[in-house]
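K.L.:
mmCIF, C-alpha atoms, file query_25.cif:
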```cif
data_target
#
loop_
_atom_site.label_atom_id
_atom_site.label_comp_id
_atom_site.auth_asym_id
_atom_site.auth_seq_id
_atom_site.Cartn_x
_atom_site.Cartn_y
_atom_site.Cartn_z
CA MET I 1 154.29 45.55 142.59
CA ALA I 2 155.49 48.75 144.20
CA HIS I 3 158.95 49.27 145.67
CA ARG I 4 160.33 51.79 148.09
CA ILE I 5 164.07 52.00 147.42
CA GLU I 6 166.47 53.90 149.65
CA VAL I 7 168.80 55.86 147.37
CA GLU I 8 170.70 57.59 150.16
CA HIS I 9 170.36 57.62 153.92
CA GLY I 10 166.88 58.86 154.78
CA THR I 11 165.66 59.24 151.18
CA THR I 12 163.55 56.61 149.43
CA LEU I 13 162.00 56.59 145.98
CA PHE I 14 158.67 55.09 145.00
CA VAL I 15 158.96 52.76 142.00
CA GLU I 16 155.98 51.17 140.23
CA ASP I 17 156.86 47.76 138.75
CA ILE I 18 154.24 46.00 136.59
CA GLY I 19 154.52 42.96 134.34
CA SER I 20 157.44 40.85 133.23
CA GLY I 21 159.82 40.65 130.29
CA GLN I 22 162.24 43.27 129.10
CA PRO I 23 162.23 46.19 131.56
CA VAL I 24 161.24 49.63 130.30
CA ILE I 25 162.12 52.41 132.75
CA PHE I 26 160.15 55.65 132.61
CA LEU I 27 161.42 58.97 134.02
CA HIS I 28 158.74 61.64 134.23
CA GLY I 29 158.97 65.33 133.49
CA TRP I 30 158.80 68.45 135.64
CA PRO I 31 156.84 68.73 137.87
CA VAL I 32 154.64 65.59 137.74
CA ASN I 33 155.37 61.91 138.51
CA HIS I 34 155.31 58.41 137.00
CA LYS I 35 151.51 58.44 136.71
CA MET I 36 151.82 60.67 133.65
CA PHE I 37 152.64 57.41 131.83
CA GLU I 38 149.36 55.75 132.75
CA HIS I 39 148.60 54.75 129.14
CA GLN I 40 151.98 53.05 128.83
CA MET I 41 151.46 51.47 132.26
CA ALA I 42 148.31 49.85 130.87
CA THR I 43 149.66 48.93 127.42
CA LEU I 44 153.25 47.70 127.82
CA PRO I 45 152.59 44.79 130.22
CA GLU I 46 149.94 43.52 127.80
CA GLN I 47 152.64 43.48 125.11
CA GLY I 48 155.05 41.43 127.23
CA PHE I 49 157.16 44.24 128.70
CA ARG I 50 157.91 45.18 132.29
CA PHE I 51 156.81 48.73 133.09
CA ILE I 52 158.97 50.47 135.68
CA GLY I 53 157.87 53.97 136.62
CA VAL I 54 160.14 55.97 138.91
CA ASP I 55 158.95 58.90 141.00
CA LEU I 56 162.03 61.11 141.11
CA ARG I 57 163.06 62.50 144.46
CA GLY I 58 160.74 65.34 145.42
CA TYR I 59 157.86 64.08 143.28
CA GLY I 60 154.83 61.83 143.58
CA GLN I 61 155.13 59.26 146.34
CA SER I 62 158.90 59.58 146.74
CA ASP I 63 160.55 61.36 149.65
CA LYS I 64 161.07 65.09 149.29
CA PRO I 65 164.39 65.99 150.92
CA ALA I 66 165.72 69.52 151.00
CA HIS I 67 168.62 68.69 148.68
CA GLY I 68 169.64 66.63 145.66
CA TYR I 69 167.77 68.18 142.74
CA ASP I 70 170.72 68.37 140.37
CA TYR I 71 171.10 65.90 137.49
CA ASP I 72 174.13 64.21 139.02
CA ARG I 73 172.27 63.25 142.18
CA MET I 74 169.13 62.18 140.34
CA ALA I 75 171.23 60.06 137.95
CA ASP I 76 172.84 58.48 141.00
CA ASP I 77 169.35 57.75 142.37
CA LEU I 78 168.50 55.96 139.14
CA ARG I 79 171.67 53.87 139.40
CA VAL I 80 170.56 52.67 142.85
CA VAL I 81 167.13 51.73 141.46
CA ILE I 82 168.67 49.80 138.55
CA ASP I 83 171.14 47.99 140.81
CA THR I 84 168.56 47.21 143.49
CA LEU I 85 166.12 45.71 140.99
CA GLY I 86 168.93 43.96 139.09
CA LEU I 87 167.83 45.43 135.76
CA LYS I 88 169.68 44.41 132.60
CA ASP I 89 169.16 45.21 128.91
CA ALA I 90 166.53 47.77 129.89
CA VAL I 91 165.07 50.52 127.73
CA LEU I 92 165.38 53.91 129.43
CA CYS I 93 162.63 56.38 128.49
CA GLY I 94 163.00 59.94 129.72
CA PHE I 95 160.40 62.66 129.17
CA SER I 96 161.34 66.36 129.32
CA MET I 97 163.40 66.78 132.53
CA GLY I 98 163.44 62.99 132.77
CA GLY I 99 165.15 62.93 129.37
CA ALA I 100 167.89 65.21 130.69
CA ILE I 101 168.38 62.95 133.72
CA ALA I 102 168.53 59.92 131.41
CA ILE I 103 171.30 61.55 129.37
CA ARG I 104 173.30 62.37 132.49
CA TYR I 105 172.83 58.77 133.72
CA MET I 106 174.14 57.34 130.45
CA ALA I 107 177.23 59.55 130.58
CA LYS I 108 177.98 59.30 134.30
CA HIS I 109 177.23 55.62 134.84
CA GLY I 110 178.51 54.15 131.60
CA GLU I 111 175.07 53.14 130.31
CA LYS I 112 174.89 50.50 133.10
CA GLY I 113 171.93 48.17 132.54
CA ILE I 114 170.61 50.07 129.51
CA ALA I 115 170.32 48.62 126.00
CA ARG I 116 168.31 51.41 124.38
CA LEU I 117 167.42 55.02 125.10
CA ALA I 118 164.22 56.88 124.22
CA LEU I 119 164.24 60.65 124.64
CA LEU I 120 160.68 61.95 124.74
CA GLY I 121 160.33 65.71 124.29
CA ALA I 122 163.60 65.89 126.23
CA ALA I 123 164.73 69.11 127.90
CA ALA I 124 168.23 68.68 126.50
CA PRO I 125 171.00 69.19 125.66
CA VAL I 126 170.43 72.70 127.07
CA PHE I 127 166.96 73.82 128.11
CA THR I 128 167.58 77.57 128.00
CA GLN I 129 169.28 79.94 125.60
CA ARG I 130 172.77 81.29 126.22
CA ASP I 131 175.45 83.13 124.26
CA ASP I 132 176.71 79.97 122.51
CA PHE I 133 173.34 78.19 122.29
CA GLU I 134 170.47 79.91 120.54
CA TYR I 135 167.86 77.19 121.08
CA GLY I 136 165.48 76.50 123.96
CA LEU I 137 163.57 78.92 126.16
CA PRO I 138 164.81 82.29 127.40
CA LYS I 139 166.08 82.00 130.97
CA GLU I 140 163.60 84.63 132.11
CA ASN I 141 160.75 82.30 131.19
CA VAL I 142 162.03 79.73 133.68
CA ASN I 143 162.60 82.46 136.25
CA GLY I 144 158.93 83.32 135.84
CA LEU I 145 157.96 79.72 136.65
CA ILE I 146 160.16 79.83 139.75
CA ASP I 147 158.65 83.13 140.90
CA GLY I 148 155.19 81.68 140.32
CA ALA I 149 156.04 78.61 142.39
CA TYR I 150 156.91 80.89 145.32
CA THR I 151 153.75 82.99 145.10
CA ASP I 152 150.96 80.71 143.78
CA ARG I 153 152.19 77.31 142.64
CA ALA I 154 148.72 76.04 141.75
CA ASP I 155 148.08 78.97 139.41
CA MET I 156 151.58 78.72 137.91
CA LEU I 157 150.97 75.06 137.09
CA LYS I 158 147.63 75.94 135.49
CA ASP I 159 149.37 78.46 133.22
CA PHE I 160 152.17 75.99 132.48
CA GLY I 161 149.54 73.43 131.50
CA GLY I 162 148.28 75.90 128.91
CA LEU I 163 151.67 75.67 127.17
CA PHE I 164 151.99 71.93 127.69
CA PHE I 165 149.24 70.42 125.58
CA GLY I 166 149.16 70.63 121.81
CA LYS I 167 145.60 69.33 121.77
CA GLU I 168 143.09 70.46 124.36
CA PRO I 169 142.67 67.74 126.98
CA SER I 170 139.32 66.93 128.53
CA THR I 171 138.39 68.91 131.62
CA HIS I 172 138.78 65.85 133.81
CA TYR I 173 142.16 64.88 132.33
CA ASN I 174 143.43 68.43 132.72
CA SER I 175 142.39 68.54 136.38
CA TRP I 176 143.98 65.16 137.03
CA PHE I 177 147.23 66.16 135.34
CA HIS I 178 147.33 69.39 137.34
CA SER I 179 146.96 67.35 140.52
CA LEU I 180 150.11 65.38 139.63
CA GLY I 181 152.11 68.59 139.71
CA MET I 182 150.67 69.58 143.06
CA GLN I 183 151.89 66.28 144.55
CA ALA I 184 155.47 67.53 144.19
CA GLY I 185 157.18 69.40 146.98
CA PRO I 186 157.22 73.16 146.40
CA HIS I 187 160.95 73.23 147.17
CA SER I 188 161.50 70.29 144.78
CA THR I 189 159.63 72.13 142.03
CA ILE I 190 161.74 75.25 142.49
CA ALA I 191 165.11 73.52 142.82
CA SER I 192 164.51 71.32 139.75
CA ALA I 193 163.47 74.36 137.71
CA ARG I 194 166.81 75.96 138.57
CA THR I 195 168.59 72.84 137.33
CA LEU I 196 166.54 72.88 134.14
CA ARG I 197 167.52 76.52 133.65
CA ASP I 198 171.25 76.14 134.33
CA ALA I 199 172.38 72.62 133.32
CA ASP I 200 174.37 71.93 130.16
CA LEU I 201 174.46 68.36 128.83
CA ARG I 202 176.20 68.97 125.51
CA ASP I 203 179.36 67.14 126.59
CA ASP I 204 177.29 64.14 127.76
CA LEU I 205 175.84 63.32 124.36
CA ALA I 206 179.03 61.78 122.94
CA ALA I 207 179.05 59.19 125.74
CA ILE I 208 175.81 57.62 124.48
CA SER I 209 176.45 54.60 122.26
CA VAL I 210 173.20 52.62 122.49
CA PRO I 211 170.46 52.97 119.85
CA THR I 212 168.54 56.13 120.67
CA ALA I 213 165.10 57.25 119.53
CA ILE I 214 164.24 60.93 119.85
CA LEU I 215 160.46 61.36 119.89
CA HIS I 216 159.58 65.05 119.71
CA GLY I 217 156.55 67.19 118.90
CA ARG I 218 156.94 69.58 115.98
CA ASN I 219 154.85 72.19 117.85
CA ASP I 220 156.54 71.82 121.22
CA GLY I 221 156.46 75.22 122.89
CA ILE I 222 158.38 74.12 125.99
CA CYS I 223 161.22 72.07 124.48
CA PRO I 224 161.37 73.39 120.90
CA PHE I 225 161.98 70.90 118.08
CA ASP I 226 165.41 72.47 117.51
CA LEU I 227 166.53 70.70 120.69
CA ALA I 228 165.75 67.32 119.13
CA GLU I 229 167.96 68.20 116.17
CA GLN I 230 170.80 69.20 118.49
CA MET I 231 170.51 65.91 120.37
CA GLU I 232 170.57 63.93 117.14
CA LYS I 233 173.76 65.70 116.06
CA GLY I 234 175.48 64.86 119.32
CA ILE I 235 174.44 61.19 119.76
CA GLU I 236 176.18 58.64 117.57
CA ASP I 237 173.25 56.27 116.90
CA ALA I 238 170.20 58.52 117.18
CA THR I 239 167.08 58.89 115.06
CA ILE I 240 164.43 61.61 115.35
CA ILE I 241 160.81 60.54 115.05
CA PRO I 242 158.83 63.78 114.64
CA PHE I 243 155.26 64.04 115.90
CA GLU I 244 153.71 66.45 113.44
CA GLU I 245 150.52 67.16 115.42
CA SER I 246 152.02 67.34 118.90
CA GLY I 247 153.09 69.96 121.35
CA HIS I 248 155.11 69.01 124.41
CA SER I 249 152.58 66.36 125.39
CA LEU I 250 153.18 63.97 122.49
CA PHE I 251 152.12 61.08 124.75
CA HIS I 252 148.66 62.71 124.89
CA ASP I 253 148.41 64.58 121.60
CA GLU I 254 149.22 61.51 119.46
CA GLN I 255 148.74 58.75 122.00
CA GLU I 256 148.28 55.88 119.55
CA LYS I 257 151.33 56.82 117.49
CA PHE I 258 153.35 57.35 120.65
CA ASN I 259 152.60 53.86 121.98
CA GLU I 260 153.10 52.17 118.62
CA THR I 261 156.41 53.97 118.00
CA LEU I 262 157.72 53.18 121.47
CA ILE I 263 156.77 49.49 121.27
CA GLN I 264 158.32 49.20 117.80
CA PHE I 265 161.55 50.78 119.04
CA ILE I 266 161.67 48.53 122.11
CA SER I 267 161.02 45.45 119.97
CA GLU I 268 163.64 46.05 117.27
CA PRO I 269 166.44 43.49 117.25
CA VAL I 270 169.76 44.80 118.51
CA LYS I 271 172.28 45.39 115.74
CA LEU I 272 175.38 43.19 116.04
#
```
What do you get writing this file as structure tokens?

P.N.:
Amino acid sequence: MAHRIEVEHGTTLFVEDIGSGQPVIFLHGWPVNHKMFEHQMATLPEQGFRFIGVDLRGYGQSDKPAHGYDYDRMADDLRVVIDTLGLKDAVLCGFSMGGAIAIRYMAKHGEKGIARLALLGAAAPVFTQRDDFEYGLPKENVNGLIDGAYTDRADMLKDFGGLFFGKEPSTHYNSWFHSLGMQAGPHSTIASARTLRDADLRDDLAAISVPTAILHGRNDGICPFDLAEQMEKGIEDATIIPFEESGHSLFHDEQEKFNETLIQFISEPVKL
């Protein structure tokens, strides 16, 4: 079942909703959409879980307004989705930029409706280097992506894809994945990249109290593994699960391990 949920006047999000059982909410990365989780979309309902894939504003089949590409607004959008669907005891899974939005949601909205958190190659707590944070990418790298989005977005995404995969995807998969990025609004792509570059979520980490799994590729060239270690230090009940053979695309590079790890984490009994 697909939903179109109005998150503010004139802006609706597309939400894919498949299966029944415990809800598992997926937030995609920059600059693609919920379809990046197609293997989980196929697998989780067969295992008795409810797959909920959200196209963030500006991406996929969601509306693409001129504003609202900061983490606060996108966390607010997620709250409307959770409230509208009446989700409880859900597992929130955020990949890359989606992981950053998930962290902001947990801090801003008091973990409403969420029983567990999975951070998947998350672009957090800070995506770019600064004077008091030596990890992440140099800011000029993100500025290069923004400049490329203005001049030739299709070519920029092709180059970004070269950094994305730790294992070479098939030609057809690569073309399909590239097409997901082109479904985003150009203004959405640029505005979200600025948020990625400038946001700081370090103070948000202490607000997370639910069990948290940090799945991260050892060879991630976009969100370096050091970021996973910084998230683990800041979250009270967090565990890193390293993916030794993965780059940023751990869901592709080690697909079987990714699915098995995620299902095991979702299925673990809650500690009392």

K.L.:
Return as a list in words the set of residues that the PyMOL selection byres ((chain I and resi 213) around 8) yields on the displayed structure.

P.N.:
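Applying the PyMOL selection byres ((chain I and resi 213) around 8) to the structure shown produces Leu117, Ala118, Leu119, Pro211, Thr212, Ile214, Leu215, Ala238, Thr239, Ile240, Ile241 and Phe265 of chain I.
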
K.L.:
Near I:Thr11, counting all atoms listed in the file, which residues have an atom at most 7 Å away, once you skip same-chain residues fewer than 3 positions from it, shown as an MDAnalysis selection string?

P.N.:
chainID I and resid 6:8 63 65

K.L.:
Report, as JSON, the axis-aligned box around all atoms of stretch 230-234 of chain I present in the file, extended by 5 Å on each side; give centre and edge lengths in Å to one decimal place.

P.N.:
```
{"center_x": 173.0, "center_y": 66.6, "center_z": 118.2, "size_x": 15.0, "size_y": 15.3, "size_z": 14.3}
```

K.L.:
May I have the protein, DNA and RNA residues with any atom at most 8 Å from the point (156.3, 63.8, 141.5), counting all atoms listed in the file, written as an MDAnalysis selection string?

P.N.:
chainID I and resid 28 30:34 55:62 180:181 183:185

K.L.:
Evaluate the PyMOL selection byres ((chain I and resi 258-262) around 9) on the structure here and hand back the selected residues as a ChimeraX atom specification.

P.N.:
/I:39-40,43-44,118,213,215,241,243,250-257,263-267

K.L.:
Under the rule that all atoms listed in the file are counted, which of I:Ala124, I:Ile5, I:Met106, I:Met74 is the nearest residue to I:Ala228?

P.N.:
I:Ala124

K.L.:
Just checking: using all atoms listed in the file, which residue out of I:Gln129, I:Ser209, I:Ser179, I:Thr195 ends up closest to I:Ile114?

P.N.:
I:Ser209

K.L.:
Any idea what's packed within 10 Å of I:Ser175, counting all atoms listed in the file, ignoring anything in its chain fewer than 5 positions away? Could you give it as a list in words?

P.N.:
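Final neighbour list, sorted by chain and number: Lys158, Gly161, Pro169, Ser170 and Leu180 of chain I.
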
K.L.:
Nearest to I:Ala100: which of I:Leu27, I:Glu168, I:Ala122, I:Ile146 is it, counting all atoms listed in the file?

P.N.:
I:Ala122

K.L.:
Can you measure atom CA of I:Leu120 to atom CA of I:Met182 for me? One decimal in Å is fine.

P.N.:
22.2 Å

K.L.:
With distances taken over all atoms listed in the file, which of I:Leu78, I:Ile190, I:Ala102, I:Ala207 is nearest to I:Leu13?

P.N.:
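For I:Leu13, the nearest of the given residues is I:Leu78.
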
K.L.:
Determine, counting all atoms listed in the file, which protein, DNA and RNA residues have an atom within 6 Å of an atom of stretch 163-167 of chain I; residues of the same chain fewer than 2 positions away are not included. Present the result as JSON, numbers by chain.

P.N.:
{"I": [160, 161, 246, 247, 248, 249, 253]}

K.L.:
For I:His109, find every residue with an atom within 9 Å (counting all atoms listed in the file), except residues of its own chain fewer than 5 positions away, and show them as a PyMOL selection string.

P.N.:
chain I and resi 75-76+79+104

K.L.:
If we count only C-alpha atoms and set the cut-off at 10 Å, which residues sit around I:Ala191, ignoring sequence neighbours fewer than 5 positions away in its own chain? Please answer as a list in words.

P.N.:
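Here the qualifying residues turn out to be Gly58, Ala66, His67, Gly68, Tyr69, Asp70, Ile146, Gly185, Pro186, Leu196 and Arg197 of chain I.
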